[in-house]
Amino acid sequence: MANSFLKPEVIAATALGLLQREVVLPRLVWNDAISDFAGAKNDTVSIRVPGRLQAREYGWRNNRSSEIVLDELTETKIDVTLNHDIYSAVAVTDEELTLDIADFGVQVLSPQTYAVARTVEDLLVTTIEGATYATTITVNEDDPWGGVVEARTALNKAEVPRDGRTLLVGADFEGAMLKQDLLKRVDESGSDDALREAMIGRYAGFNVVGSNAIDPRTAYAFVRSAFIFAMRAPMVPSGVVFGQSMSDQGIAMRWIRDYDAARLRDRSVLNTFVGSAVVMDNTAAAGDPENLELVRAVKLQLAGSGS
């Protein structure tokens, strides 16, 4: 019987699949800018945010003695920069490769992928948690529903689109929600989304996603365009024996594997380029000074969280 070896490309594809399962947050936010970085100055892409205007009314059948008012339309831009090179590098000796490693993908590549995935997600969490929100809501632990409805109301008043809203919840916030009869009934009703992986279900018009990456006593209600996340696999250099770059739905990474003959060992290196930003809107009325605020997202925190 002929030997059967797993091709490096298949192993790389497996790693990408692992990354997609581990990294939840990047797929919840805006990552459309990922393809625009080639040739960008300072590795930065500017995302245009449309200006806001207030319509006026001209007097009906007036004597035309007064002129109409000309408003100024001011667009804003959000800069997102690729400024993090996240990597994991592992050396595997001849002895380890020959005698100890039965499955390279499981024993070496999987831990590397998980390490990169967690660090990538933590960078996005830093952006989300470090943002200044126009609305922050303190939520009673016995009434998370009321707090989430208040967040929904804030988004509605800011004219944030209702479609595709996400409620990202920490572990304690999730626990408070699951104790409520309403969410229990959704689970017991046989909903397809109930408690499936990170997706908990629907709650006050939001898709609820649980995450251990954020503060356990906080939650964030937002639309996809509230945060920008860029992740790009570096090019494979021509000098390596094997290299593979892959990208799918904003999840990207590069795997390089070569041999260090001077030390008789294999080297496995995974890395990716990452950047993130917060989308601020000019909420000022026409004629008022510019007022940039984060209104596409609302922060919620359980009472007594100290933040």
# chains A, B, ... in the order shown; residues from 1 in each chain; ligands from 1
call {"tool": "residues_around", "arguments": {"residues": "Asp281 of chain A", "least_positions_apart": "6", "cutoff": "7 Å", "atoms": "only C-alpha atoms", "output": "PDB file with N, CA, C and O atoms, in the first residue's frame"}}
result
ATOM      1  N   LEU A 292     -18.168  64.690  16.840  1.00  0.00           N
ATOM      2  CA  LEU A 292     -17.991  63.288  16.482  1.00  0.00           C
ATOM      3  C   LEU A 292     -18.266  62.406  17.696  1.00  0.00           C
ATOM      4  O   LEU A 292     -17.659  62.595  18.759  1.00  0.00           O
ATOM      5  N   GLU A 293     -19.159  61.449  17.536  1.00  0.00           N
ATOM      6  CA  GLU A 293     -19.527  60.558  18.622  1.00  0.00           C
ATOM      7  C   GLU A 293     -19.682  59.131  18.104  1.00  0.00           C
ATOM      8  O   GLU A 293     -20.013  58.916  16.937  1.00  0.00           O
ATOM      9  N   LEU A 294     -19.477  58.172  18.999  1.00  0.00           N
ATOM     10  CA  LEU A 294     -19.756  56.774  18.690  1.00  0.00           C
ATOM     11  C   LEU A 294     -21.206  56.499  19.060  1.00  0.00           C
ATOM     12  O   LEU A 294     -21.536  56.281  20.229  1.00  0.00           O
ATOM     13  N   VAL A 295     -22.078  56.526  18.046  1.00  0.00           N
ATOM     14  CA  VAL A 295     -23.506  56.306  18.281  1.00  0.00           C
ATOM     15  C   VAL A 295     -23.981  54.983  17.683  1.00  0.00           C
ATOM     16  O   VAL A 295     -25.122  54.586  17.921  1.00  0.00           O
TER      17      VAL A 295
END
call {"tool": "residues_around", "arguments": {"residues": "segment 151-167 of chain A", "least_positions_apart": "6", "cutoff": "7 Å", "atoms": "only C-alpha atoms", "output": "PyMOL selection string"}}
result
chain A and resi 206-209+219-223+295-296+298
call {"tool": "write_last_selection", "arguments": {"atoms": "N, CA, C and O atoms", "output": "compact mmCIF listing (two decimals), in the first residue's frame"}}
result
# COMPACT_ATOMS: atom_id res chain seq x y z
N PHE A 206 -31.88 41.84 18.90
CA PHE A 206 -30.45 41.66 18.69
C PHE A 206 -30.11 40.18 18.50
O PHE A 206 -30.76 39.31 19.09
N ASN A 207 -29.08 39.92 17.68
CA ASN A 207 -28.46 38.60 17.67
C ASN A 207 -27.46 38.58 18.82
O ASN A 207 -26.51 39.36 18.85
N VAL A 208 -27.66 37.70 19.77
CA VAL A 208 -26.83 37.67 20.98
C VAL A 208 -25.66 36.71 20.77
O VAL A 208 -25.84 35.55 20.40
N VAL A 209 -24.44 37.22 21.04
CA VAL A 209 -23.23 36.42 20.91
C VAL A 209 -22.45 36.51 22.21
O VAL A 209 -22.14 37.60 22.69
N ALA A 219 -21.57 44.32 28.20
CA ALA A 219 -22.15 43.93 26.92
C ALA A 219 -22.06 45.13 25.99
O ALA A 219 -21.95 46.28 26.44
N TYR A 220 -22.11 44.86 24.69
CA TYR A 220 -22.05 45.92 23.69
C TYR A 220 -23.11 45.66 22.63
O TYR A 220 -23.15 44.57 22.04
N ALA A 221 -23.96 46.64 22.43
CA ALA A 221 -25.00 46.56 21.40
C ALA A 221 -24.53 47.42 20.23
O ALA A 221 -24.29 48.62 20.39
N PHE A 222 -24.42 46.81 19.04
CA PHE A 222 -23.85 47.56 17.93
C PHE A 222 -24.28 46.98 16.59
O PHE A 222 -24.81 45.86 16.51
N VAL A 223 -24.03 47.77 15.56
CA VAL A 223 -24.18 47.29 14.19
C VAL A 223 -22.78 47.05 13.62
O VAL A 223 -21.79 47.54 14.17
N VAL A 295 -22.08 56.53 18.05
CA VAL A 295 -23.51 56.31 18.28
C VAL A 295 -23.98 54.98 17.68
O VAL A 295 -25.12 54.59 17.92
N ARG A 296 -23.13 54.33 16.92
CA ARG A 296 -23.51 53.05 16.30
C ARG A 296 -23.38 51.88 17.27
O ARG A 296 -23.68 50.75 16.92
N VAL A 298 -23.59 50.86 21.73
CA VAL A 298 -23.93 51.25 23.10
C VAL A 298 -23.26 50.27 24.05
O VAL A 298 -23.26 49.06 23.82
call {"tool": "closest_residue", "arguments": {"among": "A:Val241, A:Val269, A:Leu82, A:Ala55", "to": "Leu70 of chain A", "atoms": "only C-alpha atoms"}}
result
A:Ala55
call {"tool": "residues_around", "arguments": {"residues": "Ala131 of chain A", "least_positions_apart": "3", "cutoff": "9 Å", "atoms": "only C-alpha atoms", "output": "JSON, numbers by chain"}}
result
{"A": [126, 127, 128, 278, 294]}
call {"tool": "residues_around", "arguments": {"residues": "segment 86-90 of chain A", "least_positions_apart": "2", "cutoff": "8 Å", "atoms": "only C-alpha atoms", "output": "PyMOL selection string"}}
result
chain A and resi 84+92+108+112-113+115-116+119-120+267-274
call {"tool": "closest_residue", "arguments": {"among": "A:Ile256, A:Leu302, A:Ala204, A:Val279", "to": "Pro216 of chain A", "atoms": "only C-alpha atoms"}}
result
A:Leu302
